[in-house]
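Here is the file model.cif (mmCIF, C-alpha atoms).
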data_start
loop_
_atom_site.label_atom_id
_atom_site.label_comp_id
_atom_site.auth_asym_id
_atom_site.auth_seq_id
_atom_site.Cartn_x
_atom_site.Cartn_y
_atom_site.Cartn_z
CA GLU A 575 4.72 11.01 7.53
CA VAL A 576 6.61 8.38 5.55
CA GLN A 577 4.46 6.82 2.84
CA LEU A 578 5.39 4.01 0.47
CA VAL A 579 2.73 3.00 -2.04
CA GLU A 580 3.36 -0.04 -4.20
CA SER A 581 1.55 -0.75 -7.47
CA GLY A 582 1.84 -2.86 -10.60
CA GLY A 583 1.08 -6.29 -9.26
CA GLY A 584 -1.37 -8.69 -10.82
CA LEU A 585 -1.95 -12.12 -12.31
CA VAL A 586 0.56 -13.24 -14.92
CA GLN A 587 1.36 -16.51 -16.64
CA PRO A 588 4.68 -18.28 -16.05
CA GLY A 589 7.33 -16.70 -18.24
CA GLY A 590 5.56 -13.36 -18.20
CA SER A 591 6.70 -9.97 -16.94
CA LEU A 592 5.52 -7.32 -14.53
CA ARG A 593 6.91 -3.96 -13.46
CA LEU A 594 6.30 -2.93 -9.88
CA SER A 595 6.46 0.68 -8.76
CA CYS A 596 6.77 2.25 -5.33
CA ALA A 597 5.89 5.90 -4.85
CA ALA A 598 7.68 7.37 -1.85
CA SER A 599 6.83 10.51 0.11
CA GLY A 600 7.40 12.06 3.50
CA PHE A 601 11.17 11.67 3.51
CA THR A 602 14.21 12.56 1.42
CA PHE A 603 14.03 9.60 -0.94
CA LYS A 604 17.36 10.20 -2.68
CA VAL A 605 19.47 9.69 0.46
CA TYR A 606 18.11 6.27 1.40
CA ALA A 607 18.89 2.82 0.12
CA MET A 608 15.74 0.89 -0.72
CA ASN A 609 14.76 -2.77 -0.72
CA TRP A 610 12.15 -4.92 -2.35
CA VAL A 611 11.01 -7.76 -0.12
CA ARG A 612 8.27 -10.32 -0.57
CA GLN A 613 6.13 -12.68 1.43
CA ALA A 614 4.69 -15.81 -0.13
CA PRO A 615 1.52 -17.36 1.30
CA GLY A 616 2.31 -19.12 4.57
CA LYS A 617 5.97 -18.09 4.53
CA GLY A 618 8.13 -15.47 6.15
CA LEU A 619 9.43 -12.25 4.70
CA GLU A 620 12.11 -12.72 2.03
CA TRP A 621 14.53 -10.06 0.86
CA VAL A 622 14.54 -9.74 -2.94
CA SER A 623 16.76 -6.83 -3.94
CA ARG A 624 18.46 -3.68 -2.73
CA ILE A 625 19.56 -0.50 -4.44
CA SER A 626 21.86 2.18 -3.04
CA SER A 627 20.69 5.75 -2.60
CA GLY A 628 22.26 6.89 -5.85
CA GLY A 629 21.30 3.75 -7.74
CA THR A 630 24.85 2.68 -8.51
CA THR A 631 24.90 -0.48 -6.39
CA ARG A 632 22.27 -3.19 -6.82
CA THR A 633 22.14 -6.59 -5.18
CA TYR A 634 19.76 -9.50 -5.65
CA ALA A 635 18.71 -12.68 -3.95
CA ASP A 636 19.92 -15.77 -5.79
CA ALA A 637 16.31 -16.76 -6.48
CA VAL A 638 15.73 -13.71 -8.70
CA LYS A 639 19.19 -12.91 -10.02
CA GLY A 640 19.19 -12.56 -13.80
CA ARG A 641 15.39 -12.19 -13.94
CA PHE A 642 14.61 -9.13 -11.80
CA THR A 643 16.03 -5.62 -12.11
CA ILE A 644 15.73 -2.97 -9.42
CA SER A 645 15.95 0.70 -10.33
CA ARG A 646 14.99 4.10 -9.02
CA ASP A 647 14.18 7.58 -10.25
CA ASN A 648 15.18 10.00 -7.53
CA ALA A 649 13.65 12.92 -9.41
CA LYS A 650 10.27 11.17 -9.22
CA ASN A 651 10.75 9.62 -5.75
CA THR A 652 9.94 6.25 -7.24
CA LEU A 653 11.41 2.78 -6.91
CA TYR A 654 10.89 0.06 -9.52
CA LEU A 655 11.22 -3.68 -9.86
CA GLN A 656 11.19 -5.13 -13.35
CA MET A 657 10.36 -8.81 -13.12
CA ASN A 658 10.90 -11.03 -16.16
CA ASN A 659 10.54 -14.76 -16.74
CA LEU A 660 8.25 -15.03 -13.74
CA LYS A 661 7.82 -18.39 -12.06
CA PRO A 662 5.01 -19.74 -9.86
CA GLU A 663 7.36 -19.55 -6.90
CA ASP A 664 7.51 -15.77 -7.36
CA THR A 665 3.90 -15.59 -6.21
CA ALA A 666 3.90 -13.31 -3.17
CA MET A 667 2.98 -9.96 -1.75
CA TYR A 668 5.74 -7.55 -2.75
CA TYR A 669 6.75 -4.63 -0.57
CA CYS A 670 9.14 -1.76 -1.03
CA GLU A 671 11.16 -0.94 2.03
CA LYS A 672 13.01 2.16 3.19
CA VAL A 673 16.29 1.03 4.72
CA GLY A 674 16.69 2.47 8.20
CA THR A 675 16.26 1.78 11.88
CA PRO A 676 13.79 0.27 11.65
CA ASN A 677 13.11 -0.50 8.00
CA LEU A 678 9.71 0.81 6.90
CA ARG A 679 7.47 -0.97 4.39
CA GLY A 680 4.45 -0.06 2.33
CA GLN A 681 1.17 -1.99 2.14
CA GLY A 682 2.35 -4.19 -0.69
CA THR A 683 1.16 -5.27 -4.12
CA GLN A 684 0.10 -8.84 -4.90
CA VAL A 685 1.83 -10.83 -7.62
CA ILE A 686 0.33 -14.14 -8.72
CA VAL A 687 2.11 -16.28 -11.26
CA SER A 688 -0.16 -19.01 -12.52
CA ALA A 689 -1.26 -20.66 -15.73
#

Entire entry expressed as structure tokens:
Amino acid sequence: EVQLVESGGGLVQPGGSLRLSCAASGFTFKVYAMNWVRQAPGKGLEWVSRISSGGTTRTYADAVKGRFTISRDNAKNTLYLQMNNLKPEDTAMYYCEKVGTPNLRGQGTQVIVSA
């Protein structure tokens, strides 16, 4: 059974940082591209970032480019999202996503950016 378990969310002040983690199991993690997506209160799902299976190609939404960094450790079956210079508009539930048909998401971790 595919399992994706996100962690690392929390309450942070504007300008602060958080590092999200996603522990993957039940599939061969190293052969799949992975996404981070988010959903703000009352809004639809928004793609944030993608990393290739080997970690060499990374892409970002314009809203987070230059502030967020996606990475992965295939030896540990773990995906990361380093988030710096957080803004109130980054407040959302963050999900890691296994790219496939269909994409599969975890339960999410809440990030709240507020003074």

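Residue selection for this entry, given the PyMOL selection byres ((chain A and resi 650-661) around 6), comprises Pro588, Gly589, Gly590, Ser591, Leu592, Arg593, Leu594, Ser595, Cys596, Ala597, Ala598, Phe603, Arg641, Phe642, Thr643, Ile644, Ser645, Arg646, Asp647, Asn648, Ala649, Pro662, Glu663 and Asp664 of chain A.
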
| task | Work out how far CA of Ala607 (chain A) is from CA of Thr630 (chain A), in Å to one decimal. | result |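 Between CA of Thr630 (chain A) and CA of Ala607 (chain A) the gap is 10.5 Å.
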
| field | Picked residues, the PyMOL selection byres ((chain A and resi 622) around 12), as a VMD selection string | value | chain A and resid 608 to 614 619 to 621 623 to 625 632 to 639 641 to 644 655 to 657 664 666 to 671

| field | Atomic distance CA of Ser626 (chain A) - CA of Thr602 (chain A), expressed in Å with one decimal | value |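 Answer for the CA of Ser626 (chain A) to CA of Thr602 (chain A) separation: 13.6 Å.
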
| field | Pairwise distance for CA of Gln577 (chain A) and CA of Gly682 (chain A), rounded to one decimal in Å | value |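 Going from CA of Gln577 (chain A) over to CA of Gly682 (chain A) covers 11.8 Å.
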
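For the set A:Val576, A:Ser688, A:Val673, A:Lys617, the residue with the smallest atom-to-atom gap to Val605 (chain A) is A:Val673, counting all atoms listed in the file.
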
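Selection check: the PyMOL selection byres ((chain A and resi 686) around 6) on the shown file gives Leu585, Thr665, Val685 and Val687 of chain A.
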
| Around (-2.7, -6.1, -5.3) in the file's own coordinates, what residues are found within 7 Å if you use only C-alpha atoms, given back as a list in words? | Gly583, Gly584, Thr683, Gln684 and Val685 of chain A

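Among the candidate residues A:Ser627, A:Gln587, A:Asn677, A:Ser599, the one lying nearest to Ala689 (chain A) is A:Gln587, with distances computed using only C-alpha atoms.
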
| said: Taking (2.6, 0.7, 0.7) as a centre in this file's frame and 6 Å as the limit, can you find every polymer residue with an atom that close, using all atoms listed in the file, and give them as a PyMOL selection string? | reply: chain A and resi 578-580+680-682
